[in-house]
>>> print(open('upload_22.cif').read())   # mmCIF, N, CA and C atoms
data_work
#
loop_
_atom_site.label_atom_id
_atom_site.label_comp_id
_atom_site.auth_asym_id
_atom_site.auth_seq_id
_atom_site.Cartn_x
_atom_site.Cartn_y
_atom_site.Cartn_z
N MET A 10 49.86 -68.87 21.55
CA MET A 10 50.06 -68.55 20.15
C MET A 10 51.08 -69.53 19.58
N LYS A 11 50.68 -70.24 18.57
CA LYS A 11 51.52 -71.26 17.97
C LYS A 11 52.19 -70.71 16.70
N PRO A 12 53.52 -70.89 16.58
CA PRO A 12 54.20 -70.44 15.37
C PRO A 12 53.69 -71.17 14.13
N TYR A 13 53.65 -70.47 13.02
CA TYR A 13 53.29 -71.05 11.73
C TYR A 13 54.47 -71.83 11.17
N TRP A 14 55.67 -71.29 11.40
CA TRP A 14 56.91 -71.90 10.92
C TRP A 14 58.04 -71.46 11.84
N GLU A 15 58.96 -72.39 12.14
CA GLU A 15 60.07 -72.06 13.04
C GLU A 15 61.28 -72.90 12.68
N ARG A 16 62.44 -72.21 12.56
CA ARG A 16 63.69 -72.92 12.30
C ARG A 16 64.87 -71.99 12.54
N ASP A 17 65.91 -72.48 13.17
CA ASP A 17 67.16 -71.74 13.40
C ASP A 17 66.94 -70.37 14.02
N GLY A 18 66.05 -70.29 15.00
CA GLY A 18 65.81 -69.04 15.70
C GLY A 18 64.89 -68.07 14.97
N ILE A 19 64.38 -68.47 13.81
CA ILE A 19 63.44 -67.64 13.05
C ILE A 19 62.04 -68.19 13.28
N VAL A 20 61.13 -67.31 13.67
CA VAL A 20 59.75 -67.72 13.94
C VAL A 20 58.84 -66.86 13.07
N ILE A 21 57.92 -67.51 12.37
CA ILE A 21 56.92 -66.81 11.56
C ILE A 21 55.54 -67.16 12.10
N TYR A 22 54.74 -66.13 12.33
CA TYR A 22 53.36 -66.32 12.76
C TYR A 22 52.46 -65.93 11.59
N HIS A 23 51.36 -66.61 11.46
CA HIS A 23 50.42 -66.34 10.37
C HIS A 23 49.03 -66.15 10.97
N GLY A 24 48.40 -65.03 10.67
CA GLY A 24 47.06 -64.77 11.18
C GLY A 24 46.76 -63.29 11.18
N ASP A 25 45.72 -62.91 11.91
CA ASP A 25 45.35 -61.51 12.02
C ASP A 25 46.47 -60.77 12.75
N CYS A 26 47.11 -59.86 12.04
CA CYS A 26 48.32 -59.20 12.53
C CYS A 26 48.10 -58.50 13.87
N LEU A 27 47.06 -57.70 13.98
CA LEU A 27 46.84 -56.94 15.22
C LEU A 27 46.56 -57.86 16.40
N SER A 28 45.84 -58.94 16.18
CA SER A 28 45.57 -59.89 17.26
C SER A 28 46.85 -60.59 17.70
N LEU A 29 47.65 -61.05 16.75
CA LEU A 29 48.91 -61.72 17.08
C LEU A 29 49.88 -60.79 17.79
N MET A 30 49.93 -59.54 17.36
CA MET A 30 50.90 -58.59 17.91
C MET A 30 50.68 -58.35 19.40
N LYS A 31 49.44 -58.41 19.84
CA LYS A 31 49.13 -58.17 21.25
C LYS A 31 49.72 -59.23 22.16
N GLU A 32 50.05 -60.39 21.60
CA GLU A 32 50.58 -61.50 22.39
C GLU A 32 52.11 -61.56 22.40
N ILE A 33 52.76 -60.66 21.69
CA ILE A 33 54.22 -60.71 21.56
C ILE A 33 54.85 -59.64 22.44
N THR A 34 55.97 -59.98 23.08
CA THR A 34 56.68 -59.06 23.95
C THR A 34 57.29 -57.91 23.16
N GLY A 35 57.17 -56.70 23.70
CA GLY A 35 57.70 -55.52 23.04
C GLY A 35 59.21 -55.53 22.91
N GLY A 36 59.71 -54.93 21.82
CA GLY A 36 61.14 -54.82 21.59
C GLY A 36 61.83 -56.11 21.23
N SER A 37 61.05 -57.11 20.78
CA SER A 37 61.63 -58.43 20.55
C SER A 37 61.59 -58.88 19.09
N VAL A 38 61.10 -58.04 18.18
CA VAL A 38 60.83 -58.46 16.81
C VAL A 38 61.75 -57.73 15.83
N ASP A 39 62.31 -58.47 14.89
CA ASP A 39 63.17 -57.88 13.87
C ASP A 39 62.36 -57.28 12.72
N ALA A 40 61.25 -57.93 12.36
CA ALA A 40 60.47 -57.46 11.21
C ALA A 40 59.01 -57.84 11.35
N VAL A 41 58.16 -56.93 10.91
CA VAL A 41 56.73 -57.19 10.77
C VAL A 41 56.45 -57.06 9.28
N ILE A 42 55.91 -58.12 8.68
CA ILE A 42 55.57 -58.12 7.26
C ILE A 42 54.10 -58.48 7.18
N THR A 43 53.31 -57.59 6.57
CA THR A 43 51.87 -57.78 6.59
C THR A 43 51.21 -57.33 5.30
N ASP A 44 50.01 -57.84 5.08
CA ASP A 44 49.23 -57.55 3.88
C ASP A 44 47.76 -57.36 4.30
N PRO A 45 47.45 -56.22 4.94
CA PRO A 45 46.08 -55.99 5.40
C PRO A 45 45.09 -55.85 4.25
N PRO A 46 43.80 -55.98 4.53
CA PRO A 46 42.78 -55.78 3.48
C PRO A 46 42.87 -54.37 2.90
N TYR A 47 42.55 -54.23 1.61
CA TYR A 47 42.70 -52.95 0.92
C TYR A 47 41.44 -52.10 0.89
N LYS A 48 40.31 -52.68 1.23
CA LYS A 48 39.06 -51.92 1.16
C LYS A 48 39.06 -50.76 2.16
N GLU A 49 38.40 -49.68 1.78
CA GLU A 49 38.37 -48.47 2.61
C GLU A 49 37.83 -48.72 4.00
N GLU A 50 36.93 -49.68 4.14
CA GLU A 50 36.35 -49.97 5.45
C GLU A 50 37.37 -50.50 6.46
N PHE A 51 38.56 -50.87 5.98
CA PHE A 51 39.62 -51.36 6.86
C PHE A 51 40.69 -50.32 7.14
N ASN A 52 40.51 -49.09 6.71
CA ASN A 52 41.52 -48.05 6.91
C ASN A 52 41.79 -47.76 8.39
N HIS A 53 40.89 -48.15 9.27
CA HIS A 53 41.08 -47.91 10.70
C HIS A 53 42.24 -48.73 11.29
N ILE A 54 42.73 -49.72 10.57
CA ILE A 54 43.79 -50.58 11.14
C ILE A 54 45.18 -49.98 11.03
N TRP A 55 45.39 -48.98 10.15
CA TRP A 55 46.75 -48.52 9.88
C TRP A 55 47.41 -47.86 11.09
N GLN A 56 46.70 -47.01 11.81
CA GLN A 56 47.31 -46.38 12.99
C GLN A 56 47.63 -47.39 14.08
N PRO A 57 46.70 -48.31 14.43
CA PRO A 57 47.07 -49.34 15.41
C PRO A 57 48.22 -50.23 14.93
N LEU A 58 48.27 -50.52 13.64
CA LEU A 58 49.38 -51.32 13.11
C LEU A 58 50.71 -50.59 13.32
N GLY A 59 50.74 -49.30 13.09
CA GLY A 59 51.95 -48.52 13.32
C GLY A 59 52.35 -48.50 14.78
N ARG A 60 51.38 -48.28 15.67
CA ARG A 60 51.68 -48.25 17.12
C ARG A 60 52.19 -49.60 17.61
N GLU A 61 51.50 -50.68 17.24
CA GLU A 61 51.91 -52.02 17.70
C GLU A 61 53.26 -52.40 17.12
N SER A 62 53.52 -52.05 15.86
CA SER A 62 54.82 -52.34 15.25
C SER A 62 55.92 -51.59 15.98
N ALA A 63 55.68 -50.33 16.30
CA ALA A 63 56.68 -49.54 17.03
C ALA A 63 56.96 -50.15 18.40
N ARG A 64 55.94 -50.69 19.05
CA ARG A 64 56.11 -51.33 20.36
C ARG A 64 56.92 -52.62 20.24
N LEU A 65 56.65 -53.41 19.21
CA LEU A 65 57.26 -54.73 19.07
C LEU A 65 58.66 -54.72 18.51
N LEU A 66 58.93 -53.82 17.57
CA LEU A 66 60.18 -53.87 16.84
C LEU A 66 61.39 -53.51 17.70
N LYS A 67 62.48 -54.20 17.45
CA LYS A 67 63.77 -53.81 18.01
C LYS A 67 64.21 -52.52 17.33
N VAL A 68 65.09 -51.77 17.95
CA VAL A 68 65.65 -50.59 17.29
C VAL A 68 66.31 -51.05 15.99
N GLY A 69 65.98 -50.40 14.89
CA GLY A 69 66.48 -50.79 13.58
C GLY A 69 65.62 -51.81 12.88
N GLY A 70 64.57 -52.30 13.57
CA GLY A 70 63.65 -53.27 12.97
C GLY A 70 62.78 -52.63 11.90
N SER A 71 62.18 -53.46 11.06
CA SER A 71 61.41 -52.98 9.92
C SER A 71 59.97 -53.46 9.93
N LEU A 72 59.09 -52.59 9.47
CA LEU A 72 57.72 -52.94 9.12
C LEU A 72 57.64 -52.82 7.61
N ILE A 73 57.21 -53.88 6.95
CA ILE A 73 56.95 -53.83 5.51
C ILE A 73 55.51 -54.27 5.32
N THR A 74 54.73 -53.40 4.70
CA THR A 74 53.33 -53.69 4.49
C THR A 74 52.92 -53.43 3.05
N LEU A 75 52.15 -54.36 2.52
CA LEU A 75 51.55 -54.14 1.21
C LEU A 75 50.32 -53.25 1.41
N CYS A 76 49.97 -52.53 0.38
CA CYS A 76 48.74 -51.74 0.41
C CYS A 76 48.28 -51.50 -1.02
N GLY A 77 47.05 -51.05 -1.16
CA GLY A 77 46.54 -50.72 -2.48
C GLY A 77 47.17 -49.44 -3.00
N HIS A 78 47.26 -49.30 -4.30
CA HIS A 78 47.85 -48.09 -4.90
C HIS A 78 47.13 -46.83 -4.41
N TRP A 79 45.81 -46.88 -4.34
CA TRP A 79 45.03 -45.71 -3.94
C TRP A 79 45.26 -45.35 -2.47
N GLN A 80 45.76 -46.30 -1.67
CA GLN A 80 45.95 -46.10 -0.24
C GLN A 80 47.30 -45.48 0.13
N VAL A 81 48.24 -45.46 -0.77
CA VAL A 81 49.61 -45.07 -0.43
C VAL A 81 49.68 -43.78 0.37
N PRO A 82 49.09 -42.66 -0.06
CA PRO A 82 49.21 -41.43 0.74
C PRO A 82 48.61 -41.58 2.14
N PHE A 83 47.46 -42.23 2.24
CA PHE A 83 46.80 -42.42 3.53
C PHE A 83 47.67 -43.27 4.46
N VAL A 84 48.19 -44.38 3.95
CA VAL A 84 48.99 -45.30 4.77
C VAL A 84 50.29 -44.65 5.20
N ILE A 85 50.94 -43.92 4.30
CA ILE A 85 52.18 -43.24 4.67
C ILE A 85 51.93 -42.29 5.83
N ASN A 86 50.86 -41.52 5.77
CA ASN A 86 50.54 -40.59 6.87
C ASN A 86 50.24 -41.33 8.16
N ALA A 87 49.43 -42.38 8.09
CA ALA A 87 49.02 -43.10 9.30
C ALA A 87 50.21 -43.78 9.98
N LEU A 88 51.05 -44.47 9.22
CA LEU A 88 52.17 -45.20 9.81
C LEU A 88 53.30 -44.28 10.25
N SER A 89 53.43 -43.13 9.59
CA SER A 89 54.49 -42.18 9.94
C SER A 89 54.29 -41.55 11.30
N GLU A 90 53.11 -41.71 11.90
CA GLU A 90 52.88 -41.21 13.25
C GLU A 90 53.68 -42.01 14.28
N SER A 91 54.03 -43.28 13.94
CA SER A 91 54.70 -44.16 14.91
C SER A 91 56.08 -44.62 14.48
N LEU A 92 56.32 -44.65 13.19
CA LEU A 92 57.58 -45.18 12.67
C LEU A 92 58.14 -44.25 11.60
N ARG A 93 59.40 -44.45 11.25
CA ARG A 93 60.04 -43.62 10.24
C ARG A 93 59.88 -44.26 8.86
N TYR A 94 59.28 -43.51 7.94
CA TYR A 94 59.16 -43.97 6.56
C TYR A 94 60.55 -44.11 5.98
N TRP A 95 60.81 -45.25 5.30
CA TRP A 95 62.13 -45.49 4.76
C TRP A 95 62.12 -45.55 3.23
N TRP A 96 61.20 -46.33 2.64
CA TRP A 96 61.24 -46.53 1.20
C TRP A 96 59.93 -47.15 0.73
N ILE A 97 59.68 -47.03 -0.58
CA ILE A 97 58.56 -47.75 -1.17
C ILE A 97 59.14 -48.82 -2.09
N LEU A 98 58.69 -50.04 -1.87
CA LEU A 98 59.14 -51.20 -2.63
C LEU A 98 58.01 -51.63 -3.57
N SER A 99 58.27 -52.64 -4.35
CA SER A 99 57.27 -53.13 -5.28
C SER A 99 57.26 -54.66 -5.26
N MET A 100 56.07 -55.23 -5.13
CA MET A 100 55.92 -56.67 -5.27
C MET A 100 55.29 -56.90 -6.64
N ASN A 101 56.07 -57.45 -7.56
CA ASN A 101 55.59 -57.64 -8.92
C ASN A 101 54.69 -58.86 -9.03
N HIS A 102 53.65 -58.74 -9.85
CA HIS A 102 52.77 -59.86 -10.16
C HIS A 102 53.36 -60.65 -11.32
N LYS A 103 53.18 -61.95 -11.31
CA LYS A 103 53.66 -62.78 -12.42
C LYS A 103 52.80 -62.56 -13.66
N THR A 104 51.53 -62.26 -13.43
CA THR A 104 50.63 -62.00 -14.55
C THR A 104 50.00 -60.62 -14.38
N LEU A 105 49.53 -60.07 -15.46
CA LEU A 105 48.89 -58.76 -15.43
C LEU A 105 47.54 -58.88 -14.75
N LYS A 106 47.28 -58.04 -13.74
CA LYS A 106 46.01 -58.06 -13.01
C LYS A 106 45.17 -56.86 -13.43
N ARG A 107 43.93 -57.10 -13.77
CA ARG A 107 43.01 -56.01 -14.12
C ARG A 107 42.19 -55.67 -12.89
N LEU A 108 42.15 -54.39 -12.56
CA LEU A 108 41.35 -53.96 -11.42
C LEU A 108 39.88 -54.17 -11.72
N PRO A 109 39.13 -54.77 -10.80
CA PRO A 109 37.71 -55.00 -11.02
C PRO A 109 36.95 -53.70 -11.30
N GLY A 110 36.17 -53.69 -12.38
CA GLY A 110 35.33 -52.54 -12.71
C GLY A 110 36.09 -51.34 -13.27
N LYS A 111 37.37 -51.50 -13.54
CA LYS A 111 38.17 -50.38 -14.05
C LYS A 111 38.93 -50.83 -15.30
N TRP A 112 39.33 -49.89 -16.10
CA TRP A 112 40.10 -50.18 -17.31
C TRP A 112 41.59 -49.99 -17.02
N VAL A 113 42.02 -50.45 -15.87
CA VAL A 113 43.41 -50.29 -15.44
C VAL A 113 44.01 -51.67 -15.18
N CYS A 114 45.20 -51.89 -15.68
CA CYS A 114 45.91 -53.14 -15.41
C CYS A 114 47.10 -52.82 -14.50
N VAL A 115 47.31 -53.68 -13.53
CA VAL A 115 48.34 -53.46 -12.53
C VAL A 115 49.34 -54.61 -12.59
N GLN A 116 50.61 -54.27 -12.57
CA GLN A 116 51.64 -55.31 -12.60
C GLN A 116 52.40 -55.42 -11.28
N HIS A 117 52.08 -54.55 -10.31
CA HIS A 117 52.78 -54.63 -9.02
C HIS A 117 51.90 -54.08 -7.90
N LYS A 118 52.29 -54.41 -6.68
CA LYS A 118 51.67 -53.87 -5.46
C LYS A 118 52.70 -53.03 -4.75
N PRO A 119 52.29 -51.85 -4.23
CA PRO A 119 53.22 -51.08 -3.40
C PRO A 119 53.46 -51.80 -2.07
N ALA A 120 54.70 -51.77 -1.63
CA ALA A 120 55.08 -52.30 -0.33
C ALA A 120 55.82 -51.17 0.38
N LEU A 121 55.26 -50.67 1.47
CA LEU A 121 55.85 -49.56 2.19
C LEU A 121 56.77 -50.08 3.29
N TRP A 122 57.95 -49.49 3.39
CA TRP A 122 58.97 -49.95 4.34
C TRP A 122 59.19 -48.84 5.37
N TYR A 123 59.03 -49.22 6.62
CA TYR A 123 59.25 -48.32 7.77
C TYR A 123 60.30 -48.94 8.69
N VAL A 124 60.99 -48.08 9.43
CA VAL A 124 61.99 -48.58 10.38
C VAL A 124 61.77 -47.93 11.74
N LYS A 125 62.21 -48.64 12.77
CA LYS A 125 62.19 -48.08 14.11
C LYS A 125 63.60 -47.63 14.43
N GLU A 126 63.75 -46.36 14.71
CA GLU A 126 65.07 -45.80 14.99
C GLU A 126 65.47 -46.08 16.43
#
>>> encode(input="upload_22.cif", output="C-alpha cells")
Amino acid sequence: MKPYWERDGIVIYHGDCLSLMKEITGGSVDAVITDPPYKEEFNHIWQPLGRESARLLKVGGSLITLCGHWQVPFVINALSESLRYWWILSMNHKTLKRLPGKWVCVQHKPALWYVKE
C-alpha cells in the first residue's frame, strides 16, 4: 500500500477506505476521514466502517465521515455500534447545490464525528 501523501510523520492514503483499512495495523491511526457513496445501495458499508475504524484507531482517535442528509439517522445507529458518537459537523459548499430531481437546495454536507474511548 503506497501513501498518497507523506510528510513529517503524517501519512495520508487515498482509495477505497475498507480495502485500505484491512492493510493497516490496529491501534495505529489517529484519524479516519472518509466520504463513502451516499446511495442507499451502499448502506451496507457503515457497520464494517465502524468496526474497522474501532480496530485501527488509537484510544482518543477520531472517525469523521461525510454522509447524505437523509442518511444521518441510519449512519449514527450503524457507527454507534463500534464507536462513540461525539458531534455532527458541517462541510459547507462554496455554491448552492440543488438536489437532483428535488426542489431542495443544500449548502452543506453533514460530517459525523466519532471517537474511540
>>> resolve_selection(input="upload_22.cif", expression="the PyMOL selection byres ((chain A and resi 64-77) around 8)", output="PyMOL selection string")
chain A and resi 30+33-48+58-63+78-82+84+91+100+118-126
>>> write_last_selection(input="upload_22.cif", atoms="N, CA and C atoms", output="tab-separated table (two decimals), in the coordinates of the input")
chain	number	residue	atom	x	y	z
A	30	MET	N	49.93	-59.54	17.36
A	30	MET	CA	50.90	-58.59	17.91
A	30	MET	C	50.68	-58.35	19.40
A	33	ILE	N	52.76	-60.66	21.69
A	33	ILE	CA	54.22	-60.71	21.56
A	33	ILE	C	54.85	-59.64	22.44
A	34	THR	N	55.97	-59.98	23.08
A	34	THR	CA	56.68	-59.06	23.95
A	34	THR	C	57.29	-57.91	23.16
A	35	GLY	N	57.17	-56.70	23.70
A	35	GLY	CA	57.70	-55.52	23.04
A	35	GLY	C	59.21	-55.53	22.91
A	36	GLY	N	59.71	-54.93	21.82
A	36	GLY	CA	61.14	-54.82	21.59
A	36	GLY	C	61.83	-56.11	21.23
A	37	SER	N	61.05	-57.11	20.78
A	37	SER	CA	61.63	-58.43	20.55
A	37	SER	C	61.59	-58.88	19.09
A	38	VAL	N	61.10	-58.04	18.18
A	38	VAL	CA	60.83	-58.46	16.81
A	38	VAL	C	61.75	-57.73	15.83
A	39	ASP	N	62.31	-58.47	14.89
A	39	ASP	CA	63.17	-57.88	13.87
A	39	ASP	C	62.36	-57.28	12.72
A	40	ALA	N	61.25	-57.93	12.36
A	40	ALA	CA	60.47	-57.46	11.21
A	40	ALA	C	59.01	-57.84	11.35
A	41	VAL	N	58.16	-56.93	10.91
A	41	VAL	CA	56.73	-57.19	10.77
A	41	VAL	C	56.45	-57.06	9.28
A	42	ILE	N	55.91	-58.12	8.68
A	42	ILE	CA	55.57	-58.12	7.26
A	42	ILE	C	54.10	-58.48	7.18
A	43	THR	N	53.31	-57.59	6.57
A	43	THR	CA	51.87	-57.78	6.59
A	43	THR	C	51.21	-57.33	5.30
A	44	ASP	N	50.01	-57.84	5.08
A	44	ASP	CA	49.23	-57.55	3.88
A	44	ASP	C	47.76	-57.36	4.30
A	45	PRO	N	47.45	-56.22	4.94
A	45	PRO	CA	46.08	-55.99	5.40
A	45	PRO	C	45.09	-55.85	4.25
A	46	PRO	N	43.80	-55.98	4.53
A	46	PRO	CA	42.78	-55.78	3.48
A	46	PRO	C	42.87	-54.37	2.90
A	47	TYR	N	42.55	-54.23	1.61
A	47	TYR	CA	42.70	-52.95	0.92
A	47	TYR	C	41.44	-52.10	0.89
A	48	LYS	N	40.31	-52.68	1.23
A	48	LYS	CA	39.06	-51.92	1.16
A	48	LYS	C	39.06	-50.76	2.16
A	58	LEU	N	48.27	-50.52	13.64
A	58	LEU	CA	49.38	-51.32	13.11
A	58	LEU	C	50.71	-50.59	13.32
A	59	GLY	N	50.74	-49.30	13.09
A	59	GLY	CA	51.95	-48.52	13.32
A	59	GLY	C	52.35	-48.50	14.78
A	60	ARG	N	51.38	-48.28	15.67
A	60	ARG	CA	51.68	-48.25	17.12
A	60	ARG	C	52.19	-49.60	17.61
A	61	GLU	N	51.50	-50.68	17.24
A	61	GLU	CA	51.91	-52.02	17.70
A	61	GLU	C	53.26	-52.40	17.12
A	62	SER	N	53.52	-52.05	15.86
A	62	SER	CA	54.82	-52.34	15.25
A	62	SER	C	55.92	-51.59	15.98
A	63	ALA	N	55.68	-50.33	16.30
A	63	ALA	CA	56.68	-49.54	17.03
A	63	ALA	C	56.96	-50.15	18.40
A	78	HIS	N	47.26	-49.30	-4.30
A	78	HIS	CA	47.85	-48.09	-4.90
A	78	HIS	C	47.13	-46.83	-4.41
A	79	TRP	N	45.81	-46.88	-4.34
A	79	TRP	CA	45.03	-45.71	-3.94
A	79	TRP	C	45.26	-45.35	-2.47
A	80	GLN	N	45.76	-46.30	-1.67
A	80	GLN	CA	45.95	-46.10	-0.24
A	80	GLN	C	47.30	-45.48	0.13
A	81	VAL	N	48.24	-45.46	-0.77
A	81	VAL	CA	49.61	-45.07	-0.43
A	81	VAL	C	49.68	-43.78	0.37
A	82	PRO	N	49.09	-42.66	-0.06
A	82	PRO	CA	49.21	-41.43	0.74
A	82	PRO	C	48.61	-41.58	2.14
A	84	VAL	N	48.19	-44.38	3.95
A	84	VAL	CA	48.99	-45.30	4.77
A	84	VAL	C	50.29	-44.65	5.20
A	91	SER	N	54.03	-43.28	13.94
A	91	SER	CA	54.70	-44.16	14.91
A	91	SER	C	56.08	-44.62	14.48
A	100	MET	N	56.07	-55.23	-5.13
A	100	MET	CA	55.92	-56.67	-5.27
A	100	MET	C	55.29	-56.90	-6.64
A	118	LYS	N	52.29	-54.41	-6.68
A	118	LYS	CA	51.67	-53.87	-5.46
A	118	LYS	C	52.70	-53.03	-4.75
A	119	PRO	N	52.29	-51.85	-4.23
A	119	PRO	CA	53.22	-51.08	-3.40
A	119	PRO	C	53.46	-51.80	-2.07
A	120	ALA	N	54.70	-51.77	-1.63
A	120	ALA	CA	55.08	-52.30	-0.33
A	120	ALA	C	55.82	-51.17	0.38
A	121	LEU	N	55.26	-50.67	1.47
A	121	LEU	CA	55.85	-49.56	2.19
A	121	LEU	C	56.77	-50.08	3.29
A	122	TRP	N	57.95	-49.49	3.39
A	122	TRP	CA	58.97	-49.95	4.34
A	122	TRP	C	59.19	-48.84	5.37
A	123	TYR	N	59.03	-49.22	6.62
A	123	TYR	CA	59.25	-48.32	7.77
A	123	TYR	C	60.30	-48.94	8.69
A	124	VAL	N	60.99	-48.08	9.43
A	124	VAL	CA	61.99	-48.58	10.38
A	124	VAL	C	61.77	-47.93	11.74
A	125	LYS	N	62.21	-48.64	12.77
A	125	LYS	CA	62.19	-48.08	14.11
A	125	LYS	C	63.60	-47.63	14.43
A	126	GLU	N	63.75	-46.36	14.71
A	126	GLU	CA	65.07	-45.80	14.99
A	126	GLU	C	65.47	-46.08	16.43
>>> atom_distance(input="upload_22.cif", atom1="atom N of Gln116 in chain A", atom2="atom C of Leu98 in chain A")
11.9 Å
>>> atom_distance(input="upload_22.cif", atom1="atom N of His117 in chain A", atom2="atom C of His102 in chain A")
6.3 Å
>>> atom_distance(input="upload_22.cif", atom1="CA of Ile54 in chain A", atom2="CA of Lys31 in chain A")
13.7 Å
>>> residues_around(input="upload_22.cif", residues="Tyr13 in chain A", least_positions_apart="5", cutoff="7 Å", atoms="all atoms listed in the file", output="list of chain:residue names")
A:Val20, A:Ile21, A:Tyr22, A:His23
>>> closest_residue(input="upload_22.cif", among="A:Met10, A:Trp55, A:Tyr94, A:Asp17", to="Leu29 in chain A", atoms="all atoms listed in the file")
A:Met10
>>> select_by_dssp(input="upload_22.cif", residues="chain A", states="strand (DSSP E)", output="PyMOL selection string")
chain A and resi 14-16+19-21+38-43+66-75+93-107+114-124
>>> select_by_dssp(input="upload_22.cif", residues="range 15-117 of chain A", states="helix (DSSP H, G or I)", output="MDAnalysis selection string")
chainID A and resid 26:30 49:65 78:88
>>> decode(input="upload_22.cif", residues="range 99-115 of chain A", atoms="C-alpha atoms", output="short mmCIF file (atom, residue, chain, number, x, y, z; two decimals), in the first residue's frame")
data_model
loop_
_atom_site.label_atom_id
_atom_site.label_comp_id
_atom_site.auth_asym_id
_atom_site.auth_seq_id
_atom_site.Cartn_x
_atom_site.Cartn_y
_atom_site.Cartn_z
CA SER A 99 -20.87 20.64 8.65
CA MET A 100 -18.88 20.88 5.44
CA ASN A 101 -20.14 23.99 3.68
CA HIS A 102 -20.41 24.19 -0.10
CA LYS A 103 -19.00 27.26 -1.83
CA THR A 104 -22.01 27.31 -4.12
CA LEU A 105 -25.62 26.34 -3.59
CA LYS A 106 -26.23 22.72 -4.68
CA ARG A 107 -29.65 21.62 -5.90
CA LEU A 108 -30.56 18.02 -5.17
CA PRO A 109 -31.24 16.15 -8.43
CA GLY A 110 -34.98 15.72 -9.06
CA LYS A 111 -35.96 17.69 -5.95
CA TRP A 112 -36.87 21.29 -5.20
CA VAL A 113 -34.35 21.42 -2.35
CA CYS A 114 -31.11 23.38 -2.28
CA VAL A 115 -28.32 22.29 0.03
#
